file work-v4.cif (mmCIF, C-alpha atoms)
data_target
loop_
_atom_site.label_atom_id
_atom_site.label_comp_id
_atom_site.auth_asym_id
_atom_site.auth_seq_id
_atom_site.Cartn_x
_atom_site.Cartn_y
_atom_site.Cartn_z
CA MET A 1364 6.73 83.58 61.31
CA LYS A 1365 7.84 80.82 63.68
CA LYS A 1366 8.82 77.51 62.15
CA LEU A 1367 6.81 74.42 63.13
CA VAL A 1368 8.59 71.43 64.64
CA SER A 1369 6.72 68.10 64.65
CA ILE A 1370 7.64 65.68 67.44
CA VAL A 1371 6.79 62.01 66.74
CA ILE A 1372 6.66 59.72 69.79
CA PRO A 1373 5.76 56.01 69.46
CA ALA A 1374 4.27 54.52 72.62
CA TYR A 1375 3.73 50.90 73.57
CA ASN A 1376 2.60 50.31 77.17
CA GLU A 1377 3.97 53.67 78.29
CA ALA A 1378 0.98 54.98 80.28
CA ASP A 1379 3.13 56.43 83.08
CA ASN A 1380 5.47 58.25 80.69
CA ILE A 1381 3.01 60.16 78.46
CA PHE A 1382 2.55 63.20 80.69
CA VAL A 1383 6.21 63.40 81.71
CA ILE A 1384 7.69 63.34 78.19
CA SER A 1385 5.07 65.75 76.82
CA GLU A 1386 5.55 68.26 79.64
CA SER A 1387 9.33 68.05 79.29
CA ILE A 1388 9.04 68.89 75.59
CA LYS A 1389 6.66 71.74 76.44
CA ASN A 1390 9.22 73.16 78.90
CA VAL A 1391 11.99 72.97 76.29
CA PHE A 1392 9.97 74.83 73.66
CA SER A 1393 9.06 77.54 76.14
CA THR A 1394 12.71 78.61 75.95
CA ILE A 1395 13.13 78.64 72.14
CA ASN A 1396 11.43 80.54 69.34
CA TYR A 1397 9.58 77.71 67.56
CA ASN A 1398 6.04 76.42 67.33
CA TYR A 1399 5.69 72.69 67.95
CA GLU A 1400 3.25 69.83 67.76
CA ILE A 1401 3.42 66.40 69.35
CA ILE A 1402 2.16 63.31 67.53
CA LEU A 1403 1.80 60.36 69.92
CA VAL A 1404 1.43 56.98 68.20
CA ASP A 1405 -0.20 54.27 70.31
CA ASP A 1406 1.22 51.00 68.98
CA GLY A 1407 -1.56 48.69 70.17
CA SER A 1408 -0.81 49.12 73.88
CA ALA A 1409 -2.34 46.67 76.35
CA ASP A 1410 -2.36 49.10 79.29
CA HIS A 1411 -3.94 52.56 79.69
CA THR A 1412 -1.55 54.31 77.31
CA LEU A 1413 -4.28 55.30 74.85
CA GLU A 1414 -6.49 56.73 77.59
CA LYS A 1415 -3.57 58.80 78.91
CA ILE A 1416 -2.78 60.03 75.39
CA LYS A 1417 -6.38 61.07 74.72
CA GLU A 1418 -6.60 62.71 78.13
CA TYR A 1419 -3.45 64.74 77.53
CA SER A 1420 -4.32 65.62 73.91
CA SER A 1421 -7.58 67.19 75.12
CA THR A 1422 -5.59 69.78 77.09
CA ALA A 1423 -3.93 71.45 74.09
CA GLU A 1424 -4.55 72.03 70.39
CA ASN A 1425 -1.04 71.00 69.37
CA ILE A 1426 -1.18 67.47 70.82
CA PHE A 1427 -2.28 64.79 68.36
CA PHE A 1428 -2.51 61.02 68.44
CA LEU A 1429 -2.69 58.02 66.15
CA GLU A 1430 -4.16 54.76 67.45
CA PHE A 1431 -3.08 51.56 65.70
CA SER A 1432 -5.62 48.75 65.36
CA ARG A 1433 -2.99 46.40 66.85
CA ASN A 1434 0.71 46.27 67.61
CA PHE A 1435 2.64 46.87 64.36
CA GLY A 1436 6.05 47.55 65.92
CA HIS A 1437 8.22 50.51 66.86
CA GLN A 1438 9.62 51.21 63.39
CA LEU A 1439 6.21 51.37 61.71
CA ALA A 1440 4.90 53.53 64.56
CA VAL A 1441 7.66 56.07 63.85
CA LYS A 1442 6.93 55.81 60.11
CA ALA A 1443 3.19 56.43 60.71
CA GLY A 1444 3.99 59.51 62.78
CA MET A 1445 6.24 60.87 60.04
CA ASP A 1446 3.57 60.18 57.41
CA HIS A 1447 1.25 62.52 59.33
CA ALA A 1448 3.82 65.15 60.36
CA PHE A 1449 4.00 68.28 58.22
CA GLY A 1450 6.21 70.55 60.29
CA ASP A 1451 9.25 72.28 58.79
CA CYS A 1452 11.23 69.49 60.44
CA VAL A 1453 10.29 66.28 62.25
CA ILE A 1454 11.94 64.91 65.39
CA SER A 1455 11.37 61.30 66.43
CA MET A 1456 12.10 60.19 69.98
CA ASP A 1457 11.15 57.47 72.45
CA CYS A 1458 8.57 57.88 75.17
CA ASP A 1459 10.63 56.64 78.13
CA MET A 1460 12.70 59.83 78.69
CA GLN A 1461 15.96 58.10 77.71
CA HIS A 1462 16.10 60.47 74.74
CA PRO A 1463 16.61 63.78 76.58
CA PRO A 1464 14.32 66.57 75.28
CA GLU A 1465 17.00 69.06 76.41
CA LEU A 1466 18.97 68.03 73.32
CA ILE A 1467 16.30 69.42 70.96
CA PRO A 1468 17.65 73.04 70.88
CA GLU A 1469 21.08 71.78 69.80
CA MET A 1470 19.50 69.61 67.09
CA LEU A 1471 17.52 72.59 65.82
CA LYS A 1472 20.67 74.73 65.80
CA LYS A 1473 22.42 72.22 63.52
CA TRP A 1474 19.32 72.06 61.33
CA GLU A 1475 19.32 75.84 60.98
CA ALA A 1476 23.01 75.60 60.05
CA GLY A 1477 22.02 73.63 56.94
CA PHE A 1478 22.04 69.97 58.02
CA GLU A 1479 19.00 68.09 56.73
CA VAL A 1480 19.49 65.09 59.02
CA VAL A 1481 20.61 65.48 62.62
CA TYR A 1482 20.88 62.09 64.30
CA THR A 1483 22.13 61.05 67.72
CA ILE A 1484 24.65 58.51 68.94
CA ARG A 1485 24.20 57.09 72.40
CA ALA A 1486 27.34 57.25 74.53
CA GLU A 1487 28.28 53.98 76.18
CA ASP A 1488 26.43 53.59 79.44
CA LYS A 1489 28.83 52.29 82.09
CA ASN A 1490 25.88 51.35 84.30
CA LEU A 1491 24.78 48.65 81.85
CA SER A 1492 26.10 45.14 82.30
CA LYS A 1493 29.17 44.12 80.32
CA GLY A 1494 27.08 41.54 78.48
CA LYS A 1495 24.52 44.14 77.40
CA ARG A 1496 27.24 46.52 76.15
CA SER A 1497 29.07 43.73 74.34
CA SER A 1498 25.90 42.49 72.62
CA SER A 1499 25.08 46.04 71.50
CA ASN A 1500 28.56 46.55 69.99
CA LEU A 1501 28.40 43.11 68.36
CA PHE A 1502 25.02 44.03 66.84
CA TYR A 1503 26.52 47.01 64.98
CA LYS A 1504 29.69 45.15 63.95
CA ILE A 1505 27.72 42.28 62.40
CA LEU A 1506 25.26 44.69 60.79
CA ASN A 1507 28.03 46.77 59.19
CA TRP A 1508 29.95 43.69 58.08
CA LEU A 1509 27.02 42.00 56.40
CA SER A 1510 25.20 45.04 55.01
CA ASP A 1511 26.05 47.89 52.66
CA ILE A 1512 25.57 50.64 55.24
CA ASP A 1513 27.86 51.97 57.95
CA LEU A 1514 26.09 52.61 61.23
CA GLU A 1515 28.00 54.05 64.18
CA PRO A 1516 27.71 51.99 67.39
CA GLY A 1517 25.02 53.54 69.54
CA ALA A 1518 23.04 55.09 66.66
CA ALA A 1519 19.57 55.86 68.04
CA ASP A 1520 16.07 56.53 66.74
CA PHE A 1521 16.30 60.02 68.25
CA ARG A 1522 16.76 62.17 65.15
CA LEU A 1523 15.68 65.30 63.31
CA LEU A 1524 14.71 65.18 59.64
CA ASP A 1525 14.05 68.14 57.39
CA GLN A 1526 10.63 68.07 55.75
CA LYS A 1527 12.21 67.35 52.35
CA VAL A 1528 13.71 64.16 53.83
CA VAL A 1529 10.37 63.20 55.41
CA ASN A 1530 8.69 63.65 52.01
CA VAL A 1531 11.06 60.99 50.63
CA PHE A 1532 10.24 58.70 53.57
CA ARG A 1533 6.53 58.93 52.79
CA ASN A 1534 7.17 57.23 49.45
CA PHE A 1535 8.71 54.15 51.10
CA GLN A 1536 6.33 51.21 51.34
CA GLU A 1537 8.58 48.62 52.98
CA ASN A 1538 6.57 46.40 55.29
CA GLU A 1539 9.52 46.01 57.68
CA PRO A 1540 11.49 49.28 57.49
CA PHE A 1541 14.83 49.61 59.27
CA LEU A 1542 14.80 53.35 59.82
CA ARG A 1543 18.35 53.74 61.12
CA GLY A 1544 19.68 52.15 57.96
CA LEU A 1545 17.31 54.04 55.68
CA VAL A 1546 18.42 57.38 57.15
CA LYS A 1547 22.07 56.58 56.37
CA TRP A 1548 21.15 55.23 52.93
CA LEU A 1549 19.25 58.38 51.98
CA GLY A 1550 22.25 60.64 52.13
CA PHE A 1551 21.58 64.40 52.44
CA LYS A 1552 23.72 66.56 54.74
CA GLN A 1553 23.96 64.70 58.04
CA TYR A 1554 25.35 65.58 61.46
CA ALA A 1555 25.76 63.33 64.50
CA ILE A 1556 25.38 64.45 68.11
CA LYS A 1557 26.53 62.29 71.01
CA TYR A 1558 24.36 62.13 74.08
CA HIS A 1559 24.20 60.36 77.42
CA PRO A 1560 20.91 58.47 77.81
CA ALA A 1561 18.87 59.35 80.86
CA ALA A 1562 17.34 56.68 83.07
CA ARG A 1563 13.92 55.34 82.10
CA PHE A 1564 11.25 57.27 83.97
CA SER A 1565 8.93 54.26 84.18
CA GLY A 1566 8.53 50.79 82.78
CA THR A 1567 11.02 48.38 81.22
CA SER A 1568 12.75 48.21 77.87
CA LYS A 1569 10.66 46.69 75.08
CA TYR A 1570 13.76 45.54 73.16
CA THR A 1571 14.46 41.98 74.29
CA ILE A 1572 17.39 39.94 72.95
CA LYS A 1573 14.95 38.22 70.57
CA LYS A 1574 13.74 41.58 69.22
CA MET A 1575 17.32 42.83 68.85
CA MET A 1576 18.24 39.74 66.82
CA ARG A 1577 15.13 40.18 64.69
CA LEU A 1578 16.00 43.85 64.14
CA ALA A 1579 19.54 42.86 63.12
CA LEU A 1580 18.19 40.36 60.57
CA HIS A 1581 15.82 42.99 59.18
CA GLY A 1582 18.69 45.46 58.92
CA VAL A 1583 21.00 43.08 57.09
CA THR A 1584 18.41 41.66 54.68
CA SER A 1585 16.97 45.09 53.92
CA PHE A 1586 20.23 46.56 52.67
CA SER A 1587 22.39 43.76 51.36
CA ILE A 1588 22.51 40.34 49.69
CA LYS A 1589 25.91 39.63 51.24
CA PRO A 1590 24.51 36.74 53.34
CA LEU A 1591 23.57 34.96 50.11
CA TYR A 1592 27.07 35.47 48.70
CA SER A 1593 28.52 34.32 52.01
CA ALA A 1594 26.49 31.10 51.76
CA VAL A 1595 27.88 30.47 48.26
CA TYR A 1596 31.46 31.13 49.37
CA LEU A 1597 31.01 28.85 52.38
CA GLY A 1598 29.68 26.12 50.09
CA PHE A 1599 32.76 26.39 47.85
CA ILE A 1600 35.13 26.32 50.82
CA LEU A 1601 33.53 23.23 52.34
CA SER A 1602 33.43 21.49 48.95
CA LEU A 1603 37.16 22.12 48.47
CA ALA A 1604 37.83 20.94 52.01
CA SER A 1605 35.98 17.71 51.31
CA VAL A 1606 38.23 17.10 48.28
CA LEU A 1607 41.22 17.05 50.64
CA TYR A 1608 39.62 14.05 52.38
CA ILE A 1609 39.74 11.90 49.20
CA PRO A 1610 43.45 10.89 49.50
CA TYR A 1611 42.78 9.56 53.01
CA VAL A 1612 39.81 7.50 51.78
CA ILE A 1613 41.93 6.00 48.95
CA TYR A 1614 44.76 5.22 51.35
CA ALA A 1615 42.39 3.53 53.79
CA PHE A 1616 40.82 1.48 50.97
CA VAL A 1617 44.16 0.30 49.49
CA ASN A 1618 45.69 -0.57 52.85
CA HIS A 1619 42.52 -2.10 54.29
CA VAL A 1620 42.62 0.38 57.13
CA GLU A 1621 39.25 0.57 58.82
CA VAL A 1622 37.70 4.02 58.66
CA SER A 1623 37.00 5.39 62.17
CA GLY A 1624 33.62 4.76 63.79
CA TRP A 1625 30.16 6.12 63.33
CA ALA A 1626 30.47 8.93 65.91
CA SER A 1627 32.60 11.11 63.66
CA MET A 1628 30.27 10.34 60.74
CA ILE A 1629 27.20 11.35 62.74
CA MET A 1630 28.90 14.58 63.85
CA THR A 1631 29.75 15.39 60.22
CA ILE A 1632 26.19 14.72 59.07
CA VAL A 1633 24.73 16.88 61.87
CA PHE A 1634 27.19 19.70 61.14
CA PHE A 1635 26.47 19.86 57.43
CA GLY A 1636 22.75 19.31 58.00
CA GLY A 1637 22.66 22.30 60.36
CA LEU A 1638 24.70 24.35 57.89
CA GLN A 1639 22.25 23.56 55.11
CA LEU A 1640 19.33 24.61 57.30
CA ILE A 1641 21.04 27.93 58.08
CA ILE A 1642 21.65 28.61 54.39
CA LEU A 1643 18.09 27.62 53.52
CA GLY A 1644 16.90 29.91 56.33
CA ILE A 1645 18.84 32.85 54.87
CA ILE A 1646 17.33 32.23 51.45
CA GLY A 1647 13.91 31.80 53.07
CA ILE A 1648 14.13 35.20 54.78
CA TYR A 1649 14.71 36.94 51.45
CA VAL A 1650 11.94 34.98 49.75
CA GLY A 1651 9.61 35.67 52.68
CA LYS A 1652 10.29 39.41 52.52
CA MET A 1653 9.46 39.40 48.81
CA PHE A 1654 6.31 37.37 49.47
CA MET A 1655 5.04 39.76 52.14
CA GLN A 1656 5.91 42.84 50.05
CA THR A 1657 4.07 41.57 46.96
CA LYS A 1658 0.85 41.22 48.98
CA ASN A 1659 0.72 45.03 48.99
CA ARG A 1660 -1.11 45.16 52.31
CA PRO A 1661 -1.09 48.44 54.26
CA ASN A 1662 1.94 48.63 56.54
CA TYR A 1663 -0.22 49.78 59.45
CA ILE A 1664 -3.89 50.42 60.18
CA ILE A 1665 -5.08 53.50 62.05
CA ARG A 1666 -8.10 52.83 64.25
CA SER A 1667 -8.63 56.41 65.37
CA THR A 1668 -6.93 59.81 65.32
CA ASN A 1669 -7.59 63.45 66.13
CA ILE A 1670 -5.35 64.75 63.32
CA PRO A 1671 -7.43 66.91 60.93
CA GLN A 1672 -7.64 65.39 57.47
CA LYS A 1673 -5.75 67.49 54.92
#
call {"tool": "encode", "arguments": {"input": "work-v4.cif", "output": "structure tokens"}}
result
Amino acid sequence: MKKLVSIVIPAYNEADNIFVISESIKNVFSTINYNYEIILVDDGSADHTLEKIKEYSSTAENIFFLEFSRNFGHQLAVKAGMDHAFGDCVISMDCDMQHPPELIPEMLKKWEAGFEVVYTIRAEDKNLSKGKRSSSNLFYKILNWLSDIDLEPGAADFRLLDQKVVNVFRNFQENEPFLRGLVKWLGFKQYAIKYHPAARFSGTSKYTIKKMMRLALHGVTSFSIKPLYSAVYLGFILSLASVLYIPYVIYAFVNHVEVSGWASMIMTIVFFGGLQLIILGIIGIYVGKMFMQTKNRPNYIIRSTNIPQK
């Protein structure tokens, strides 16, 4: 009996890419001995993505969709797809064709060899600007330094998970999951495959600098309390440094030497005021995450689907 492979594809304003990615996957599976299903997750798109998904899903019995009630974000869209995927293994990939479907047979080969997690690492794209490449590398360096996980630069959300790993994922109820970190944290037998990203077929990247910074903060605060320790250490260092200023104050007082003007004082006040706000912000992020988690709201809401209820 052929094994079933579930393909989870989140889509946000990807109307022009739905048919292309789905047909590419269909062509790949026509050359290998597996059954497959595609689960397209519409993450509250503002264009005609949902209409294109429903139109395509009506052409085959193995094409399914989940429609979110609003935009909940890429990571929760992948999580929702995995929650409803019951194949022998589950592959998650983006809708824009940058994750090449031609890599799927190699991923399945490693899975058959006994690896329960087969993830991909994006090779450095020389066509990207130097600034974009530098910011990406800096993202992973900061993430690894501040968190308790070790992510390779270029780690992507294009991965294969054995069903036993997906079953563990279903038990996670984090309202802001960082899937790349969770996959590394889980353990199991893992194998990395390097790939060269293809050009986007249509549309523009949804990951702005702001979203990348937000993702980095989620990653760090989801897996480590090192930022809190760093704030404490910084406080001790600055307190000790201030002690070194006391001899100068005593000298100036005894010798009636006028302390330098208000400009340096204002700069000092602004510096330490900003530092305090940063530290309070770090603490606030952790408190905020706990606050949102304790509300116990659903992580996402499904407005409609054509997946049969089990």
call {"tool": "closest_residue", "arguments": {"input": "work-v4.cif", "among": "A:Lys1473, A:Ile1600, A:Asp1446, A:Leu1514", "to": "A:Lys1552", "atoms": "all atoms listed in the file"}}
result
A:Lys1473
call {"tool": "resolve_selection", "arguments": {"input": "work-v4.cif", "expression": "the PyMOL selection byres ((chain A and resi 1392) around 12)", "output": "list in words"}}
result
Lys1365, Lys1366, Leu1367, Val1368, Ser1369, Ile1370, Ser1385, Glu1386, Ser1387, Ile1388, Lys1389, Asn1390, Val1391, Ser1393, Thr1394, Ile1395, Asn1396, Tyr1397, Asn1398, Tyr1399, Glu1400, Ile1401, Pro1464, Glu1465, Leu1466, Ile1467, Pro1468 and Leu1471 of chain A
call {"tool": "resolve_selection", "arguments": {"input": "work-v4.cif", "expression": "the PyMOL selection byres ((chain A and resi 1415) around 10)", "output": "PyMOL selection string"}}
result
chain A and resi 1377-1382+1410-1414+1416-1420
call {"tool": "resolve_selection", "arguments": {"input": "work-v4.cif", "expression": "the PyMOL selection byres ((chain A and resi 1542) around 10)", "output": "VMD selection string"}}
result
chain A and resid 1438 to 1439 1441 to 1442 1519 to 1520 1532 1539 to 1541 1543 to 1548 1582
call {"tool": "closest_residue", "arguments": {"input": "work-v4.cif", "among": "A:Arg1666, A:Ala1448, A:Gln1672, A:Asp1525", "to": "A:Ala1476", "atoms": "only C-alpha atoms"}}
result
A:Asp1525
call {"tool": "atom_distance", "arguments": {"input": "work-v4.cif", "atom1": "atom CA of A:His1447", "atom2": "atom CA of A:Arg1533"}}
result
9.1 Å
call {"tool": "atom_distance", "arguments": {"input": "work-v4.cif", "atom1": "atom CA of A:Leu1524", "atom2": "atom CA of A:Ser1432"}}
result
26.8 Å
call {"tool": "atom_distance", "arguments": {"input": "work-v4.cif", "atom1": "atom CA of A:Ala1555", "atom2": "atom CA of A:Ala1374"}}
result
24.6 Å
call {"tool": "closest_residue", "arguments": {"input": "work-v4.cif", "among": "A:Lys1557, A:Val1617, A:Phe1478, A:Glu1537", "to": "A:Pro1516", "atoms": "all atoms listed in the file"}}
result
A:Lys1557
call {"tool": "closest_residue", "arguments": {"input": "work-v4.cif", "among": "A:Pro1373, A:Gly1450, A:Pro1610, A:Pro1560", "to": "A:Gln1526", "atoms": "only C-alpha atoms"}}
result
A:Gly1450
